[in-house]
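Contents: one structure, followed by commentary.
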Amino acid sequence: TIVYEDDHLLAVDKPAGMLIHPSRSRNDGTLANLVVGYYQKTGQKSAFHPVTRLDRDTFGITLIAKNSYAHALMQETAFHKIYHALTLGWLESDSGTIDAPIARRELPSLLRYVNPEGKPSLTRYHLLERGQICRIALTPVTGRTHQLRLHCAHVGHPILGDPQYGSAASFAYSQRMGLTHQQLCAKRLEFIHPVTGQEMCLESRLDV
C-alpha cells in the first residue's frame, strides 16, 4: 500500500513477514522486488534506496528514496519516529524513558542484549491503552538494532509475538491470541522534505 509518493520519495506500508532486500535464502517476494515491479508497471525509471528499515516481522511505514541524490539528502535528515506495540502489561508510569545500553551478542548470533558496556540506547514511551494487554507508543531516540523489542523485554513487558525477546508468559499469551508475528508497527514518520522543505507527517494505515 502506497502511503505517499512524489518525484523523489516513496512511502509504503510493509506487511509483517516481508524482507526489505533479497537475501541468500530468498530472492523474491521482498519489498525491493515489489517496489521495482511497481516502478516498471508505472513506467518510472527509479531506484530502490531504503531510507528507513524494518525487521522482517515489524510492519508499517517504510520510506524509500527514488534516486541516489534524494537518498544522499535523506542521510542528513532528522526523523521523528513513532511505533505502536502491544505488550503483556506495562510499567506503572504512563510515560517515561527507557535508558539501557545495547550490545551485540557474539557471532554468529544476530541478537542484541542489554549490557552496561554497550552503546547508549534511549526509548521514550507513552501508554495508549492499559489492561492485561497494553498498547504503547514508542519513540526511539537512538536507532540500535532491535532496540524497541529489547527495551520492552528489558523492563519486563515484552512485545507480544516477539520470537527472540519474548518471555514464557508472552509466548503463551501470543499463542492463545493466535498471533503469527510480533505486534510492532512503524506508525508515524515526521521529517522535513530535503528537496521541497515541506514538513512531512506520514502515517501508516496499519496498526497493532
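Chain lettering (A, B, ...) mirrors the order of the C-alpha cells, residue numbering begins at 1 for each chain separately, and ligand numbering begins at 1 in order of display.
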message: Please list as JSON, numbers by chain every residue within 9 Å of range 65-72 of chain A, counting only C-alpha atoms and excluding residues in the same chain fewer than 5 positions away.
response: {"A": [7, 8, 9, 10, 11, 45, 46, 47, 48, 49, 50, 51, 194, 195]}
Write the residues you've just listed into a file as a CSV table (one decimal), in the first residue's frame, and include all heavy atoms for each of them.
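Result file result.csv:
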chain,number,residue,atom,x,y,z
A,7,ASP,N,8.2,12.8,-6.8
A,7,ASP,CA,9.3,12.5,-7.7
A,7,ASP,C,10.6,12.0,-7.0
A,7,ASP,O,11.4,11.4,-7.7
A,7,ASP,CB,9.6,13.8,-8.5
A,7,ASP,CG,8.5,14.2,-9.5
A,7,ASP,OD1,7.7,13.3,-9.8
A,7,ASP,OD2,8.5,15.3,-9.9
A,8,HIS,N,10.7,12.2,-5.7
A,8,HIS,CA,11.9,11.9,-5.0
A,8,HIS,C,11.7,10.8,-4.0
A,8,HIS,O,12.7,10.0,-3.7
A,8,HIS,CB,12.4,13.1,-4.3
A,8,HIS,CG,12.5,14.3,-5.1
A,8,HIS,ND1,13.6,14.5,-6.0
A,8,HIS,CD2,11.7,15.4,-5.3
A,8,HIS,CE1,13.4,15.7,-6.7
A,8,HIS,NE2,12.3,16.2,-6.3
A,9,LEU,N,10.5,10.7,-3.4
A,9,LEU,CA,10.3,9.7,-2.3
A,9,LEU,C,9.1,8.9,-2.5
A,9,LEU,O,8.1,9.3,-3.2
A,9,LEU,CB,10.2,10.5,-1.0
A,9,LEU,CG,11.3,11.4,-0.5
A,9,LEU,CD1,10.9,12.2,0.7
A,9,LEU,CD2,12.6,10.6,-0.3
A,10,LEU,N,9.2,7.7,-1.9
A,10,LEU,CA,8.0,6.7,-1.9
A,10,LEU,C,7.9,6.2,-0.5
A,10,LEU,O,8.9,5.7,0.1
A,10,LEU,CB,8.3,5.6,-2.9
A,10,LEU,CG,7.2,4.5,-2.9
A,10,LEU,CD1,5.9,5.0,-3.5
A,10,LEU,CD2,7.7,3.3,-3.8
A,11,ALA,N,6.7,6.2,0.1
A,11,ALA,CA,6.5,5.7,1.4
A,11,ALA,C,5.4,4.6,1.2
A,11,ALA,O,4.3,4.8,0.6
A,11,ALA,CB,6.0,6.7,2.4
A,45,LYS,N,11.6,5.3,-14.1
A,45,LYS,CA,13.0,4.9,-14.1
A,45,LYS,C,13.6,5.4,-12.8
A,45,LYS,O,14.4,6.3,-12.7
A,45,LYS,CB,13.7,5.6,-15.3
A,45,LYS,CG,13.2,5.1,-16.6
A,45,LYS,CD,14.0,5.7,-17.8
A,45,LYS,CE,13.5,5.2,-19.1
A,45,LYS,NZ,14.2,5.8,-20.3
A,46,SER,N,13.1,4.7,-11.7
A,46,SER,CA,13.6,5.0,-10.4
A,46,SER,C,14.3,3.8,-9.8
A,46,SER,O,14.2,2.7,-10.2
A,46,SER,CB,12.3,5.3,-9.5
A,46,SER,OG,11.6,6.5,-10.0
A,47,ALA,N,15.0,4.1,-8.7
A,47,ALA,CA,15.8,3.1,-8.0
A,47,ALA,C,15.2,2.8,-6.6
A,47,ALA,O,14.3,3.5,-6.2
A,47,ALA,CB,17.2,3.5,-7.8
A,48,PHE,N,15.7,1.8,-6.0
A,48,PHE,CA,15.2,1.4,-4.6
A,48,PHE,C,16.3,1.7,-3.6
A,48,PHE,O,17.3,0.9,-3.5
A,48,PHE,CB,14.9,-0.1,-4.6
A,48,PHE,CG,14.4,-0.6,-3.3
A,48,PHE,CD1,13.0,-0.4,-2.9
A,48,PHE,CD2,15.2,-1.2,-2.4
A,48,PHE,CE1,12.6,-0.8,-1.7
A,48,PHE,CE2,14.8,-1.7,-1.1
A,48,PHE,CZ,13.4,-1.5,-0.8
A,49,HIS,N,16.2,2.8,-2.9
A,49,HIS,CA,17.1,3.2,-1.8
A,49,HIS,C,16.4,3.3,-0.5
A,49,HIS,O,15.8,4.4,-0.2
A,49,HIS,CB,17.8,4.5,-2.2
A,49,HIS,CG,18.6,4.5,-3.4
A,49,HIS,ND1,19.9,3.9,-3.5
A,49,HIS,CD2,18.4,5.0,-4.6
A,49,HIS,CE1,20.4,4.0,-4.7
A,49,HIS,NE2,19.5,4.7,-5.4
A,50,PRO,N,16.3,2.3,0.3
A,50,PRO,CA,15.5,2.4,1.5
A,50,PRO,C,16.2,3.4,2.5
A,50,PRO,O,17.4,3.3,2.7
A,50,PRO,CB,15.6,0.9,2.1
A,50,PRO,CG,16.7,0.3,1.5
A,50,PRO,CD,16.9,0.9,0.1
A,51,VAL,N,15.4,4.3,3.0
A,51,VAL,CA,15.8,5.3,4.0
A,51,VAL,C,15.6,4.8,5.4
A,51,VAL,O,16.4,5.0,6.3
A,51,VAL,CB,15.1,6.6,3.7
A,51,VAL,CG1,15.5,7.7,4.7
A,51,VAL,CG2,15.4,7.1,2.3
A,194,PRO,N,13.7,17.0,2.2
A,194,PRO,CA,15.0,17.6,1.9
A,194,PRO,C,15.1,18.4,0.5
A,194,PRO,O,16.0,19.2,0.3
A,194,PRO,CB,16.0,16.4,1.8
A,194,PRO,CG,15.1,15.2,1.4
A,194,PRO,CD,13.8,15.5,2.0
A,195,VAL,N,14.1,18.1,-0.3
A,195,VAL,CA,14.1,18.8,-1.6
A,195,VAL,C,13.1,20.0,-1.6
A,195,VAL,O,13.4,21.1,-2.0
A,195,VAL,CB,13.7,17.9,-2.8
A,195,VAL,CG1,13.6,18.6,-4.1
A,195,VAL,CG2,14.7,16.7,-2.8
query: Counting only C-alpha atoms, what is within 10 Å of Val3 in chain A, bar same-chain residues fewer than 2 positions away, as a PyMOL selection string?
result: chain A and resi 1+5+10-13+60-63+202-205
message: Env of range 140-143 of chain A: 7 Å cut, atoms = only C-alpha atoms, seq-sep filter 5 positions within chain, self excluded. Answer as a list in words.
response: Lys81, Ser121, Leu122, Thr123 and Arg124 of chain A
field: Selection near Arg53 in chain A, 10 Å with only C-alpha atoms, sequence-local residues under 4 positions removed, as a PyMOL selection string
entry: chain A and resi 14+19-21+58+61-64+186
Restricting it to C-alpha atoms, dump the selection as a short mmCIF file (atom, residue, chain, number, x, y, z; two decimals), in the first residue's frame.
data_model
loop_
_atom_site.label_atom_id
_atom_site.label_comp_id
_atom_site.auth_asym_id
_atom_site.auth_seq_id
_atom_site.Cartn_x
_atom_site.Cartn_y
_atom_site.Cartn_z
CA LYS A 14 5.42 -3.02 4.58
CA LEU A 19 12.17 -8.75 3.99
CA ILE A 20 13.38 -5.36 2.78
CA HIS A 21 16.07 -6.77 0.47
CA THR A 58 7.87 -5.44 12.04
CA ILE A 61 5.59 2.71 7.13
CA THR A 62 8.85 2.39 5.21
CA LEU A 63 10.44 5.32 3.37
CA ILE A 64 12.31 4.84 0.09
CA ALA A 186 6.02 1.70 12.46
#
message: I want to know what sits within 10 Å of range 162-166 of chain A, based on only C-alpha atoms, with residues of the same chain fewer than 4 positions away left out; could you give that as an MDAnalysis selection string?
response: chainID A and resid 57:58 87:88 111:113 146 149:154 156:158 170:172 174 179:184
